[in-house]
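Engineer: Structure incoming, see below.
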Amino acid sequence: MWQPSVAPGAVDRIACVGAGVIGGGWVAHFLARGRRVTAWDPAPDAGDRLRRLVDAAWPALETLGLADGATRDNLTVAATLEEAVADAEFVQESAPEDLGLKSGLLARIDAAAPPGIVIGSSTSGYRMTDMQASAVHPERLVVGHPFNPPYLVPLVEVVGGERTDRAAVTWAEEFYTLTGKTVVVMDREVPGFIANRLQEALWREALHMLDAGEATVAQIETAVTAGPGLRWPFHGPCTTFHLAGGEGGMAHALDHFGPALEYPWTRLASPALTGGLREVLVKGADQVTDGRSTADLIAERDRRLIAVLRALREVGA
């Protein structure tokens with residue numbers, strides 16, 4: 001049986017393997033929570049790029065509130081993977097979505113990291129059962145799937161593989177929660193997990209509507225942000241449907257709206273991403289963003305996310 005070498009609340013030294021958008025977001029999050037972070041990425045400019053990412057995220061994190069002792073000076077960039085994980089008390093892997101790459105990398109981390117520590121993977125869709133196949137100690141490997149940007153969006157989906165010890169999943173749940181995350185522990189492995197599958201369904205229907213000329217990019221964006229998207233920070237689809245039933249709740253809603261499930265309102269199979277559909281998406285996105293830079297759009301997104309998070313805090317959500 002797997003035994004942890006450190007309690008979730010005692011973790012101070014974290015290794016982040018992979019320093020791209022997701023890995024860098026994790027670094028910013030852990031630094032903001034007062035932890036010491038050692039990062040490693042094989043790219044030759046990884047250190048400079050990572051520090052720029054953390055610097056860009058820091059004002060938003062300061063606005064939300066830093067933990068005692070939080071400082072960007074707690075970041076170290078290691079020269080090798082082995083150096084990065086040598087004294088880690090937790091490891092977060094955030095390599096690109098390539099099963100062979102991630103499986104091999106997790107095996108390397110497992111071989112180099114101290115015994116008794118949990119290793120989490122930021123995979124967006126792979127099963128841990130497949131990723132842990134080459135590890136000598138697969139019992140400590142878990143999925144810790146964040147949402148972008150990890151330094152602001154609280155969701156983390158946690159699930160183990162067939163060879164993961166249940167105690168490691170429980171440990172990861174407590175650890176992520178203590179760093180300020182909202183954790184969903186899945187009962188079973190599902191490719192893409194929960195949130196990705198839900199947003200993918202919406203994305204595919206949007207592609208269908210664009211492909212069929214039924215809506216524009218701008219119309220789809222407004223339909224979501226000015227409509228159901230306003231409810232989603234506090235009510236998911238099930239509670240929303242329950243409230244649609246009035247005093248009769250979900251039962252009345254199902255009786256009243258149930259037949260609509262037979263209507264051709266959605267087409268969940270994804271259409272082919274043809275050149276024509278790609279052009280519609282690219283031109284539509286250009287029109288919606290109106291030539292603004294990615295940096296400006298990210299800054300605006302972060303300000304708006306902060307406003308939503310603040311509002312939710314005020315009403316006790």
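Residue names in the structure tokens use chain letters A, B, ... in the order shown, residue numbers from 1 in each chain, and ligand numbers from 1 in the order shown.
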Show me, as a PyMOL selection string, the residues that have an atom within 10 Å of range 76-89 of chain A when counting only C-alpha atoms, minus same-chain residues fewer than 5 positions from it.
Structural biologist: chain A and resi 4-8+10-19+36-42+44+46-48+50-51+105+108-119
Engineer: Given the selection you just returned, output its residues as a file containing N, CA and C atoms, formatted as a compact mmCIF listing (two decimals), in the first residue's frame.
Structural biologist:
```
# COMPACT_ATOMS: atom_id res chain seq x y z
N PRO A 4 2.23 8.17 1.98
CA PRO A 4 2.82 9.48 1.68
C PRO A 4 3.97 9.80 2.62
N SER A 5 4.95 10.51 2.10
CA SER A 5 6.09 10.91 2.93
C SER A 5 5.89 12.29 3.53
N VAL A 6 4.86 13.01 3.08
CA VAL A 6 4.57 14.35 3.60
C VAL A 6 3.07 14.56 3.57
N ALA A 7 2.55 15.25 4.57
CA ALA A 7 1.12 15.55 4.62
C ALA A 7 0.78 16.64 3.61
N PRO A 8 -0.43 16.61 3.05
CA PRO A 8 -0.80 17.62 2.05
C PRO A 8 -0.60 19.06 2.54
N ALA A 10 1.59 20.14 4.58
CA ALA A 10 2.98 20.45 4.90
C ALA A 10 3.83 20.67 3.66
N VAL A 11 3.25 20.55 2.48
CA VAL A 11 4.02 20.68 1.24
C VAL A 11 4.49 22.11 1.07
N ASP A 12 5.80 22.25 0.89
CA ASP A 12 6.40 23.56 0.65
C ASP A 12 7.14 23.61 -0.68
N ARG A 13 7.79 22.51 -1.06
CA ARG A 13 8.61 22.47 -2.27
C ARG A 13 7.87 21.70 -3.37
N ILE A 14 7.58 22.41 -4.45
CA ILE A 14 6.83 21.83 -5.56
C ILE A 14 7.67 21.90 -6.82
N ALA A 15 7.66 20.82 -7.58
CA ALA A 15 8.33 20.81 -8.88
C ALA A 15 7.29 20.87 -9.98
N CYS A 16 7.49 21.76 -10.93
CA CYS A 16 6.60 21.86 -12.09
C CYS A 16 7.41 21.48 -13.33
N VAL A 17 7.04 20.37 -13.94
CA VAL A 17 7.74 19.87 -15.13
C VAL A 17 6.93 20.25 -16.35
N GLY A 18 7.49 21.11 -17.20
CA GLY A 18 6.75 21.70 -18.31
C GLY A 18 6.37 23.12 -17.94
N ALA A 19 6.83 24.09 -18.74
CA ALA A 19 6.62 25.50 -18.37
C ALA A 19 5.97 26.29 -19.49
N ARG A 36 7.37 27.19 -2.55
CA ARG A 36 8.61 27.30 -3.32
C ARG A 36 8.50 26.37 -4.52
N VAL A 37 8.83 26.87 -5.70
CA VAL A 37 8.64 26.12 -6.93
C VAL A 37 9.95 26.01 -7.69
N THR A 38 10.25 24.78 -8.11
CA THR A 38 11.37 24.54 -9.02
C THR A 38 10.78 24.04 -10.32
N ALA A 39 11.09 24.69 -11.42
CA ALA A 39 10.50 24.36 -12.71
C ALA A 39 11.58 23.84 -13.66
N TRP A 40 11.14 22.99 -14.58
CA TRP A 40 12.03 22.51 -15.65
C TRP A 40 11.23 22.36 -16.93
N ASP A 41 11.84 22.78 -18.03
CA ASP A 41 11.26 22.64 -19.35
C ASP A 41 12.43 22.50 -20.33
N PRO A 42 12.33 21.61 -21.32
CA PRO A 42 13.47 21.39 -22.22
C PRO A 42 13.75 22.53 -23.19
N PRO A 44 15.07 25.84 -24.75
CA PRO A 44 16.24 26.63 -24.36
C PRO A 44 15.90 27.98 -23.74
N ALA A 46 13.15 28.52 -21.92
CA ALA A 46 12.06 28.25 -20.99
C ALA A 46 12.09 29.16 -19.77
N GLY A 47 13.28 29.40 -19.22
CA GLY A 47 13.37 30.21 -18.01
C GLY A 47 12.87 31.62 -18.21
N ASP A 48 13.33 32.28 -19.26
CA ASP A 48 12.90 33.65 -19.53
C ASP A 48 11.41 33.71 -19.84
N LEU A 50 9.08 31.62 -18.88
CA LEU A 50 8.33 31.34 -17.67
C LEU A 50 8.25 32.56 -16.77
N ARG A 51 9.35 33.24 -16.60
CA ARG A 51 9.34 34.42 -15.72
C ARG A 51 8.45 35.53 -16.30
N LEU A 105 7.75 10.65 -19.89
CA LEU A 105 8.14 11.71 -18.96
C LEU A 105 7.72 11.36 -17.54
N ARG A 108 10.11 8.96 -16.12
CA ARG A 108 11.35 9.62 -15.71
C ARG A 108 11.17 10.35 -14.37
N ILE A 109 10.04 11.04 -14.25
CA ILE A 109 9.77 11.74 -12.99
C ILE A 109 9.68 10.75 -11.84
N ASP A 110 8.96 9.67 -12.07
CA ASP A 110 8.78 8.64 -11.05
C ASP A 110 10.12 8.07 -10.61
N ALA A 111 11.04 7.88 -11.56
CA ALA A 111 12.35 7.31 -11.24
C ALA A 111 13.22 8.28 -10.45
N ALA A 112 13.02 9.59 -10.66
CA ALA A 112 13.90 10.58 -10.06
C ALA A 112 13.35 11.22 -8.79
N ALA A 113 12.03 11.24 -8.63
CA ALA A 113 11.41 11.93 -7.50
C ALA A 113 11.53 11.11 -6.23
N PRO A 114 11.55 11.76 -5.07
CA PRO A 114 11.64 11.05 -3.79
C PRO A 114 10.46 10.09 -3.62
N PRO A 115 10.66 8.98 -2.93
CA PRO A 115 9.56 8.04 -2.70
C PRO A 115 8.49 8.67 -1.80
N GLY A 116 7.28 8.24 -1.98
CA GLY A 116 6.21 8.70 -1.11
C GLY A 116 5.60 10.03 -1.46
N ILE A 117 5.99 10.65 -2.60
CA ILE A 117 5.34 11.90 -3.00
C ILE A 117 4.42 11.64 -4.19
N VAL A 118 3.37 12.43 -4.29
CA VAL A 118 2.40 12.29 -5.37
C VAL A 118 2.88 13.04 -6.61
N ILE A 119 2.60 12.46 -7.77
CA ILE A 119 2.92 13.09 -9.05
C ILE A 119 1.61 13.30 -9.79
```
Engineer: Would you pick out the contacts of Leu309 in chain A at 10 Å or less, using only C-alpha atoms, so that residues sharing its chain but fewer than 2 positions from it are not included, and give the list as number ranges by chain?
Structural biologist: A: 64, 152-154, 233, 303-307, 311-314, 317
Engineer: I want to know what sits within 12 Å of Asp68 in chain A, based on only C-alpha atoms, with residues of the same chain fewer than 6 positions away left out; could you give that as an mmCIF file with N, CA and C atoms, in the first residue's frame?
Structural biologist:
```cif
data_model
loop_
_atom_site.group_PDB
_atom_site.id
_atom_site.type_symbol
_atom_site.label_atom_id
_atom_site.label_comp_id
_atom_site.auth_asym_id
_atom_site.auth_seq_id
_atom_site.Cartn_x
_atom_site.Cartn_y
_atom_site.Cartn_z
ATOM 1 N N LEU A 31 3.241 29.696 -6.530
ATOM 2 C CA LEU A 31 3.997 30.805 -5.947
ATOM 3 C C LEU A 31 3.073 31.741 -5.177
ATOM 4 N N ALA A 32 1.900 32.020 -5.740
ATOM 5 C CA ALA A 32 0.941 32.916 -5.091
ATOM 6 C C ALA A 32 0.409 32.336 -3.793
ATOM 7 N N ARG A 33 0.458 31.006 -3.668
ATOM 8 C CA ARG A 33 0.000 30.360 -2.442
ATOM 9 C C ARG A 33 1.143 30.181 -1.449
ATOM 10 N N GLY A 34 2.283 30.832 -1.715
ATOM 11 C CA GLY A 34 3.378 30.842 -0.764
ATOM 12 C C GLY A 34 4.312 29.657 -0.830
ATOM 13 N N ARG A 35 4.191 28.840 -1.873
ATOM 14 C CA ARG A 35 5.072 27.668 -1.989
ATOM 15 C C ARG A 35 6.359 28.032 -2.729
ATOM 16 N N GLU A 62 -2.112 39.386 -7.183
ATOM 17 C CA GLU A 62 -2.049 40.373 -6.102
ATOM 18 C C GLU A 62 -3.431 40.952 -5.827
#
```
Engineer: Give me the residues within 12 Å of Val169 in chain A as JSON, numbers by chain, counting only C-alpha atoms and dropping any in the same chain fewer than 3 places off.
Structural biologist: {"A": [2, 3, 4, 8, 117, 118, 119, 120, 128, 139, 140, 141, 142, 143, 144, 157, 158, 159, 160, 161, 162, 163, 164, 165, 166, 172, 173, 174, 175, 176, 183, 184, 185, 186, 187, 188]}
Engineer: From a DSSP calculation on the backbone, collect every residue of range 25-206 of chain A in helix (DSSP H, G or I) and output the set as a VMD selection string.
Structural biologist: chain A and resid 25 to 32 46 to 64 72 to 74 81 to 85 99 to 112 128 to 131 138 to 140 166 to 178 195 to 206
Engineer: Smallest atom-to-atom distance to Met1 in chain A: which of A:His137, A:His235, A:Arg204, A:His242, using only C-alpha atoms?
Structural biologist: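 Answer, going by the shortest atom-to-atom distance: A:His137.
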Engineer: So which bits of range 66-213 of chain A end up strand (DSSP E or B) when you DSSP the backbone, as an mmCIF file with N, CA, C and O atoms, in the first residue's frame?
Structural biologist:
```cif
data_model
loop_
_atom_site.group_PDB
_atom_site.id
_atom_site.type_symbol
_atom_site.label_atom_id
_atom_site.label_comp_id
_atom_site.auth_asym_id
_atom_site.auth_seq_id
_atom_site.Cartn_x
_atom_site.Cartn_y
_atom_site.Cartn_z
ATOM 1 N N LEU A 75 10.830 31.187 -7.038
ATOM 2 C CA LEU A 75 10.926 30.386 -8.265
ATOM 3 C C LEU A 75 12.382 30.100 -8.604
ATOM 4 O O LEU A 75 13.206 31.007 -8.654
ATOM 5 N N THR A 76 12.658 28.823 -8.863
ATOM 6 C CA THR A 76 13.958 28.386 -9.353
ATOM 7 C C THR A 76 13.741 27.621 -10.649
ATOM 8 O O THR A 76 12.811 26.812 -10.745
ATOM 9 N N VAL A 77 14.562 27.870 -11.639
ATOM 10 C CA VAL A 77 14.503 27.126 -12.896
ATOM 11 C C VAL A 77 15.692 26.170 -12.924
ATOM 12 O O VAL A 77 16.846 26.603 -12.883
ATOM 13 N N PHE A 90 5.910 17.477 -4.010
ATOM 14 C CA PHE A 90 4.815 17.230 -4.954
ATOM 15 C C PHE A 90 5.319 17.627 -6.331
ATOM 16 O O PHE A 90 6.100 18.576 -6.460
ATOM 17 N N VAL A 91 4.882 16.905 -7.363
ATOM 18 C CA VAL A 91 5.275 17.220 -8.731
ATOM 19 C C VAL A 91 4.030 17.398 -9.587
ATOM 20 O O VAL A 91 3.101 16.579 -9.546
ATOM 21 N N GLN A 92 4.006 18.484 -10.369
ATOM 22 C CA GLN A 92 2.934 18.724 -11.343
ATOM 23 C C GLN A 92 3.539 18.681 -12.726
ATOM 24 O O GLN A 92 4.376 19.518 -13.079
ATOM 25 N N GLU A 93 3.148 17.698 -13.522
ATOM 26 C CA GLU A 93 3.633 17.560 -14.905
ATOM 27 C C GLU A 93 2.660 18.219 -15.850
ATOM 28 O O GLU A 93 1.450 18.018 -15.744
ATOM 29 N N ILE A 119 2.602 12.461 -7.773
ATOM 30 C CA ILE A 119 2.919 13.089 -9.051
ATOM 31 C C ILE A 119 1.608 13.305 -9.792
ATOM 32 O O ILE A 119 0.875 12.350 -10.064
ATOM 33 N N GLY A 120 1.287 14.548 -10.106
ATOM 34 C CA GLY A 120 0.050 14.878 -10.795
ATOM 35 C C GLY A 120 0.310 15.244 -12.246
ATOM 36 O O GLY A 120 1.328 15.865 -12.565
ATOM 37 N N SER A 121 -0.603 14.886 -13.132
ATOM 38 C CA SER A 121 -0.483 15.215 -14.548
ATOM 39 C C SER A 121 -1.590 16.169 -14.964
ATOM 40 O O SER A 121 -2.759 15.978 -14.616
ATOM 41 N N LEU A 141 0.717 8.036 -9.056
ATOM 42 C CA LEU A 141 0.425 8.912 -10.192
ATOM 43 C C LEU A 141 -1.068 9.177 -10.295
ATOM 44 O O LEU A 141 -1.881 8.248 -10.295
ATOM 45 N N VAL A 142 -1.429 10.463 -10.389
ATOM 46 C CA VAL A 142 -2.831 10.861 -10.518
ATOM 47 C C VAL A 142 -2.968 11.915 -11.611
ATOM 48 O O VAL A 142 -2.004 12.604 -11.948
ATOM 49 N N VAL A 143 -4.153 12.032 -12.152
ATOM 50 C CA VAL A 143 -4.481 13.158 -13.025
ATOM 51 C C VAL A 143 -4.877 14.331 -12.147
ATOM 52 O O VAL A 143 -5.684 14.182 -11.217
ATOM 53 N N GLY A 144 -4.296 15.504 -12.418
ATOM 54 C CA GLY A 144 -4.705 16.751 -11.781
ATOM 55 C C GLY A 144 -4.953 17.744 -12.908
ATOM 56 O O GLY A 144 -4.084 18.551 -13.228
ATOM 57 N N HIS A 145 -6.130 17.646 -13.516
ATOM 58 C CA HIS A 145 -6.439 18.410 -14.740
ATOM 59 C C HIS A 145 -6.981 19.791 -14.390
ATOM 60 O O HIS A 145 -8.085 19.922 -13.846
ATOM 61 N N PRO A 146 -6.222 20.858 -14.708
ATOM 62 C CA PRO A 146 -6.676 22.211 -14.418
ATOM 63 C C PRO A 146 -7.427 22.808 -15.597
ATOM 64 O O PRO A 146 -7.558 22.188 -16.649
ATOM 65 N N LEU A 155 -11.017 25.205 -10.882
ATOM 66 C CA LEU A 155 -11.327 23.786 -11.067
ATOM 67 C C LEU A 155 -10.086 22.929 -11.296
ATOM 68 O O LEU A 155 -9.220 23.255 -12.106
ATOM 69 N N VAL A 156 -10.028 21.801 -10.591
ATOM 70 C CA VAL A 156 -9.070 20.734 -10.860
ATOM 71 C C VAL A 156 -9.824 19.411 -10.788
ATOM 72 O O VAL A 156 -10.501 19.131 -9.790
ATOM 73 N N GLU A 157 -9.729 18.631 -11.862
ATOM 74 C CA GLU A 157 -10.357 17.312 -11.882
ATOM 75 C C GLU A 157 -9.300 16.260 -11.559
ATOM 76 O O GLU A 157 -8.251 16.207 -12.196
ATOM 77 N N VAL A 158 -9.574 15.449 -10.551
ATOM 78 C CA VAL A 158 -8.614 14.471 -10.062
ATOM 79 C C VAL A 158 -9.161 13.063 -10.253
ATOM 80 O O VAL A 158 -10.309 12.780 -9.908
ATOM 81 N N VAL A 159 -8.328 12.180 -10.803
ATOM 82 C CA VAL A 159 -8.712 10.780 -10.967
ATOM 83 C C VAL A 159 -7.439 9.947 -11.081
ATOM 84 O O VAL A 159 -6.428 10.410 -11.612
ATOM 85 N N GLY A 160 -7.492 8.747 -10.558
ATOM 86 C CA GLY A 160 -6.361 7.849 -10.651
ATOM 87 C C GLY A 160 -6.538 6.850 -11.782
ATOM 88 O O GLY A 160 -7.595 6.764 -12.398
ATOM 89 N N THR A 182 -10.779 24.259 -6.405
ATOM 90 C CA THR A 182 -12.040 23.548 -6.265
ATOM 91 C C THR A 182 -11.868 22.206 -6.957
ATOM 92 O O THR A 182 -11.653 22.162 -8.171
ATOM 93 N N VAL A 183 -11.923 21.126 -6.193
ATOM 94 C CA VAL A 183 -11.551 19.807 -6.697
ATOM 95 C C VAL A 183 -12.774 18.943 -6.958
ATOM 96 O O VAL A 183 -13.675 18.845 -6.120
ATOM 97 N N VAL A 184 -12.796 18.333 -8.130
ATOM 98 C CA VAL A 184 -13.780 17.301 -8.449
ATOM 99 C C VAL A 184 -13.019 15.985 -8.563
ATOM 100 O O VAL A 184 -12.166 15.833 -9.437
ATOM 101 N N VAL A 185 -13.308 15.057 -7.657
ATOM 102 C CA VAL A 185 -12.695 13.730 -7.721
ATOM 103 C C VAL A 185 -13.628 12.818 -8.501
ATOM 104 O O VAL A 185 -14.778 12.599 -8.102
#
```
Engineer: Quote the spacing between CA of Ala56 in chain A and CA of Gly24 in chain A in Å to one decimal place.
Structural biologist: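 Separation of CA of Ala56 in chain A and CA of Gly24 in chain A: 10.7 Å.
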